[in-house]
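Peer 1: Have a look at the structure that comes next, please.
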Amino acid sequence: DRNAPVPFAPGDCRYDFGKGPASEALLECLRRYEFNALLKELGGSPAPAPESAAPAAAPVRAAAFKKVDAEGFVKKVQKAGALALAASVPAQPDLLDPATVTVGAASEEGEAALFPEKPAKARAALGALLESGKALAVAHDVKALRQLLAQGGLSLRGPCFDTFLAAYCLNPSRGKYPLSAALEEAGAAPSEAGPAGEAAALWSLRGWQEAQLEAKGLSKLYRELELPLLDVLAAMEEAGIAVDVPYLERLKKEFESAIAALKKEMDGLAGAELNVNSPKQLAKLFYEDLKLPVLRKTATGAPSTDEESLQALADKHPLPAKIIEYRELAKLKSTYIEALLAKADKAGRVHTHFNQAGAATGRLSSIDPNLQNIPVRTALGQKIRRAFVAEKGQVLLSADYSQIDLRVLAHLSADPALCEAFRAGGDIHLRTAAEVFGVPPEEVDKEMRRRAKAVNFGIVYGQGPFALGQQLGIPFGEAKRYIELYFKRYAGVSAWTEANLESARKEGLVRTLLGRIRYVPDIAGKGPLRAAAERVAGNTPIQGGSADIIKAAMVAIHRKLPKSGFDARMILQVHDELLFELPKKEAPAFGKWVRREMEHAVELKVPVVVDLKAGPNWADMEALTA
């Protein structure tokens with residue numbers, strides 16, 4: 001309503017920086033939504049981490065330190081058996097020159113030293129100590145530090161304490177975990193600039209984090225899962241995965257030709273040259289020139305041209321469908337084909353970076369390039385997956401957890417009917433359809449199974465009747481009835497859902513199978529924020545439990561593989577799937593071995609099932625019976 005009375009104008013909302021203090025209401029709003037950069041500008045400070053039922057350790061202040069002779073420092077920490085480490089490079093480093101990496105090290109007693117390339121004797125002594133594995137190394141993001149040290153010709157082995165991973169375990173919802181934020185959360189003073197100051201600050205942070213991990217029941221998760229996992233991920237990043245470069249170059253030309261042909265066809269349908277990246281031009285064409293109905297609007301009230309709108313308009317004119325196809329081709333070409341060609345090393349292998357602290361549920365994410373988001377179900381996506389290949393004489397083997405989220409739900413809820421369905425084996429979605437719709441399994445048709453499958457996963461993801469109705473294309477009331485039928489038949493799931501929410505309301509957090517926590521402060525609020533928090537509270541124990549299981553499997557496989565007798569290596573993790581590269585002749589026996597490790601990484605009340613496939617590339621794989 002453009003005539004609604006608004007008692008202020010946009011200019012009245014302006015805040016002039018530096019002209020008077022910000023109101024506490026504004027600061028509290030910024031804290032709530034974690035606008036930490038704005039808070040700092042306005043003289044405020046971020047909110048402390050949400051408190052669990054466990055008592056919090058007292059904040060600490062970073063101890064002062066003094067710089068000492070580098071060579072003498074190494075002798076002291078050799079005896080002490082522990083040191084803190086940080087490293088830095090110039091803004092535009094020459095990665096081939098070890099002199100670009102300066103290492104800072106600090107002792108628990110407050111002494112610190114810098115190790116540039118010279119004096120060479122001191123740097124060599126530090127290198128020998130780090131490689132010996134005889135000293136505990138405290139660092140912020142050990143995996144990244146190891147890569148930086150490697151550029152400087154140094155190798156870090158042995159036991160570590162990673163303040164980055166500890167910060168992630170303590171509050172997995174932050175998203176980013178710079179050292180400055182970890183120190184601020186601990187109540188410690190900011191570190192002095194440079195690697196020596198950063199290293200010195202790590203000692204007080206480590207002590208605070210260890211106390212917090214113990215108080216919140218997170219020590220085991222940190223020490224037995226997250227900390228050993230960093231070695232697994234480092235090995236996978238170093239191994240990389242081979243890509244067929246000539247195939248990708250041919251695929252690039254194929255996509256370019258298809259994009260050009262589509263562009264010509266779209267221009268013909270539009271009657272003029274069309275800029276598909278201009279929402280304004282598309283809106284004018286659709287809604288003014290072609291007189292198509294406005295089915296959706298943007299937040300500003302303008303007619304929408306997003307993908308959902310185009311999908312809805314596709315049956316009313318041929319142009320929207322062509323634009324969808326064009327956008328998909330263009331995205332696949334730039335995001336995957338060109339990115340993979342740019343990232344392939346001289347040996348034709350691509351080395352992704354696994355972000356261990358990338359998701360609040362505990363799942364891993366993959367960047368630079370992202371290998372976890374390559375389309376699976378489309379023909380175009382399969383063409384890109386075909387570019388990932390095994391080396392000559394080898395195969396790729398995929399080990400994929402079957403319906404692991406639903407199995408975790410069955411374990412958590414202990415629902416008799418759901419547990420029995422998994423113990424009996426067979427098609428869980430068909431079994432659910434028979435249970436929910438009250439018909440014999442042989443009378444379940446494709447549509448009934450499709451709806452049961454949507455309800456199954458909708459329960460896992462906290463989907464309500466509105467979202468389920470949209471997904472299935474059915475009325476709200478019908479979707480609501482399906483959910484009610486599901487909870488009536490699987491009363492144990494309903495009881496667990498309510499008990500889990502009640503616990504979340506009392507404690508302000510939820511936990512996964514292996515004790516990972518996730519805070520849900522908005523669960524005590526009202527309206528949309530509360531609804532979103534309830535979805536998070538319901539979903540996290542399930543998705544987080546699945547993440548716990550595959551992480552535990554990765555740690556076990558990595559530890560046992562060197563003594564297994566197999567010449568295999570783990571090269572990729574994509575949510576519930578692990579990808580290995582190994583000699584073709586070993587595939588059947590290795591598949592049997594790795595299936596056993598994965599199925600028993602974490603014991604559940606229902607069977608855990610792993611599906612195996614193997615083939616010359618990631619697309620052309622056949623089921624492997626082992």
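Note on naming: chains are A, B, ... as they come in the structure tokens, residues start from 1 per chain, ligands start from 1 in the order shown.
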Just want the 12 Å neighbourhood of Leu30 of chain A, counted on only C-alpha atoms, with same-chain residues fewer than 6 positions away dropped. Output as number ranges by chain.
Peer 2: A: 22-24, 36-47
Peer 1: Please produce a file of those selected residues containing N, CA and C atoms, as a short mmCIF file (atom, residue, chain, number, x, y, z; two decimals), in the first residue's frame.
Peer 2:
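The resulting file, part.cif, is reproduced below:
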data_model
loop_
_atom_site.label_atom_id
_atom_site.label_comp_id
_atom_site.auth_asym_id
_atom_site.auth_seq_id
_atom_site.Cartn_x
_atom_site.Cartn_y
_atom_site.Cartn_z
N ALA A 22 26.10 5.68 19.76
CA ALA A 22 24.97 4.91 19.23
C ALA A 22 24.08 4.48 20.39
N SER A 23 22.81 4.37 20.14
CA SER A 23 21.89 3.95 21.20
C SER A 23 22.13 2.49 21.54
N GLU A 24 21.83 2.12 22.77
CA GLU A 24 22.01 0.74 23.20
C GLU A 24 21.07 -0.18 22.42
N ASN A 36 29.35 -7.55 13.40
CA ASN A 36 30.47 -7.23 14.28
C ASN A 36 31.33 -6.07 13.78
N ALA A 37 31.45 -5.93 12.46
CA ALA A 37 32.25 -4.82 11.92
C ALA A 37 31.59 -3.48 12.24
N LEU A 38 30.28 -3.42 12.07
CA LEU A 38 29.55 -2.19 12.41
C LEU A 38 29.62 -1.91 13.90
N LEU A 39 29.50 -2.97 14.70
CA LEU A 39 29.60 -2.79 16.16
C LEU A 39 30.91 -2.13 16.54
N LYS A 40 31.98 -2.61 15.91
CA LYS A 40 33.31 -2.07 16.24
C LYS A 40 33.39 -0.59 15.86
N GLU A 41 32.82 -0.25 14.69
CA GLU A 41 32.84 1.14 14.25
C GLU A 41 32.06 2.04 15.20
N LEU A 42 31.01 1.49 15.79
CA LEU A 42 30.13 2.28 16.66
C LEU A 42 30.56 2.22 18.12
N GLY A 43 31.69 1.58 18.39
CA GLY A 43 32.20 1.53 19.75
C GLY A 43 31.60 0.44 20.60
N GLY A 44 30.84 -0.48 20.00
CA GLY A 44 30.27 -1.60 20.75
C GLY A 44 31.16 -2.83 20.65
N SER A 45 30.77 -3.88 21.32
CA SER A 45 31.52 -5.14 21.27
C SER A 45 30.55 -6.27 21.01
N PRO A 46 31.01 -7.35 20.32
CA PRO A 46 30.14 -8.48 20.01
C PRO A 46 29.61 -9.13 21.28
N ALA A 47 28.48 -9.81 21.13
CA ALA A 47 27.92 -10.54 22.26
C ALA A 47 28.80 -11.73 22.58
#
Peer 1: Going by DSSP on the backbone, which residues of segment 221-427 of chain A come out as alpha helix (DSSP H)? List them as a ChimeraX atom specification.
Peer 2: /A:221,227-239,245-270,279-283,307-313,318-332,339-343,379-385,404-413,416-424
Peer 1: Could you give me, as a PyMOL selection string, each residue of segment 466-584 of chain A that DSSP assigns to strand (DSSP E) when run on this structure's backbone?
Peer 2: chain A and resi 509-511+517-519+569-574+577-583
Peer 1: With a distance cut-off of 9 Å and only C-alpha atoms, select the neighbouring residues of Ala547 of chain A, excluding the residue or stretch itself and same-chain residues fewer than 5 positions from it, and output the selection as a ChimeraX atom specification.
Peer 2: /A:361-364,542,552,575-576
Peer 1: At a cut-off of 10 Å, can you tabulate as JSON lines every residue of segment 472-506 of chain A near segment 515-527 of chain A together with its closest atom pair and the distance in Å to one decimal, using only C-alpha atoms and ordering rows by chain then number?
Peer 2:
{"residue": "A:Leu501", "atom": "CA", "partner": "A:Ile523", "partner_atom": "CA", "distance": 8.7}
{"residue": "A:Glu502", "atom": "CA", "partner": "A:Ile523", "partner_atom": "CA", "distance": 9.9}
{"residue": "A:Ala504", "atom": "CA", "partner": "A:Val520", "partner_atom": "CA", "distance": 7.2}
{"residue": "A:Arg505", "atom": "CA", "partner": "A:Ile523", "partner_atom": "CA", "distance": 6.1}
{"residue": "A:Lys506", "atom": "CA", "partner": "A:Ala524", "partner_atom": "CA", "distance": 9.0}
Peer 1: For segment 230-235 of chain A, list every protein, DNA or RNA residue within 8 Å, evaluated using only C-alpha atoms, and leave out those in the same chain fewer than 5 positions away; present the list as a list in words.
Peer 2: Val142, Lys143, Phe354, Gln356, Met554, Val555 and His558 of chain A
Peer 1: Go through A:Ile323, A:Glu226, A:Ser132, A:Leu221 and flag the residue nearest Leu269 of chain A, using only C-alpha atoms for the distances.
Peer 2: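 Of all the options, A:Ile323 lies closest to Leu269 of chain A.
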Peer 1: Which residue out of A:Asp289, A:Asp1, A:Glu254, A:Asp244 has the minimum interatomic distance to Gly301 of chain A when only C-alpha atoms are used?
Peer 2: A:Asp1
Peer 1: Compare A:Glu237, A:Ala330, A:Tyr336, A:Lys316 by their minimum atom-to-atom distance to Ser257 of chain A, counting only C-alpha atoms, and give me the closest one.
Peer 2: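 Smallest separation from Ser257 of chain A among the options: A:Ala330.
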Peer 1: To one decimal place in Å, what is the distance between atom CA of Asn3 of chain A and atom CA of Leu26 of chain A?
Peer 2: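 About the pair atom CA of Asn3 of chain A and atom CA of Leu26 of chain A: they are 28.1 Å apart.
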Peer 1: Counting only C-alpha atoms, which residue out of A:Asp141, A:Glu265, A:Pro178, A:Ala433 sits closest to Ala321 of chain A?
Peer 2: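 For Ala321 of chain A, the nearest of the candidates is A:Glu265.
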Peer 1: Please report the interatomic distance between atom CA of Asp405 of chain A and atom CA of Gln372 of chain A in Å with one decimal.
Peer 2: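 Result for atom CA of Asp405 of chain A versus atom CA of Gln372 of chain A: 17.6 Å, one decimal.
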Peer 1: List every residue of segment 306-326 of chain A that has an atom at most 12 Å from any atom of segment 278-282 of chain A, and for each one report the closest atom pair and its distance in Å to one decimal, counting only C-alpha atoms, with rows sorted by chain and then by increasing residue number, as a tab-separated table.
Peer 2:
residue	atom	partner	partner_atom	distance
A:Asp306	CA	A:Pro279	CA	8.2
A:Glu307	CA	A:Pro279	CA	11.3
A:Ser309	CA	A:Leu282	CA	11.5
A:Leu310	CA	A:Leu282	CA	10.4
A:Leu319	CA	A:Leu282	CA	10.3
A:Pro320	CA	A:Leu282	CA	9.6
A:Ile323	CA	A:Leu282	CA	10.0
Peer 1: Between A:Ala150, A:Leu213, A:Ala261, A:Ala25, which is the closest to Gly127 of chain A once you count only C-alpha atoms?
Peer 2: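 Nearest candidate to Gly127 of chain A out of A:Ala150, A:Leu213, A:Ala261, A:Ala25: A:Ala150.
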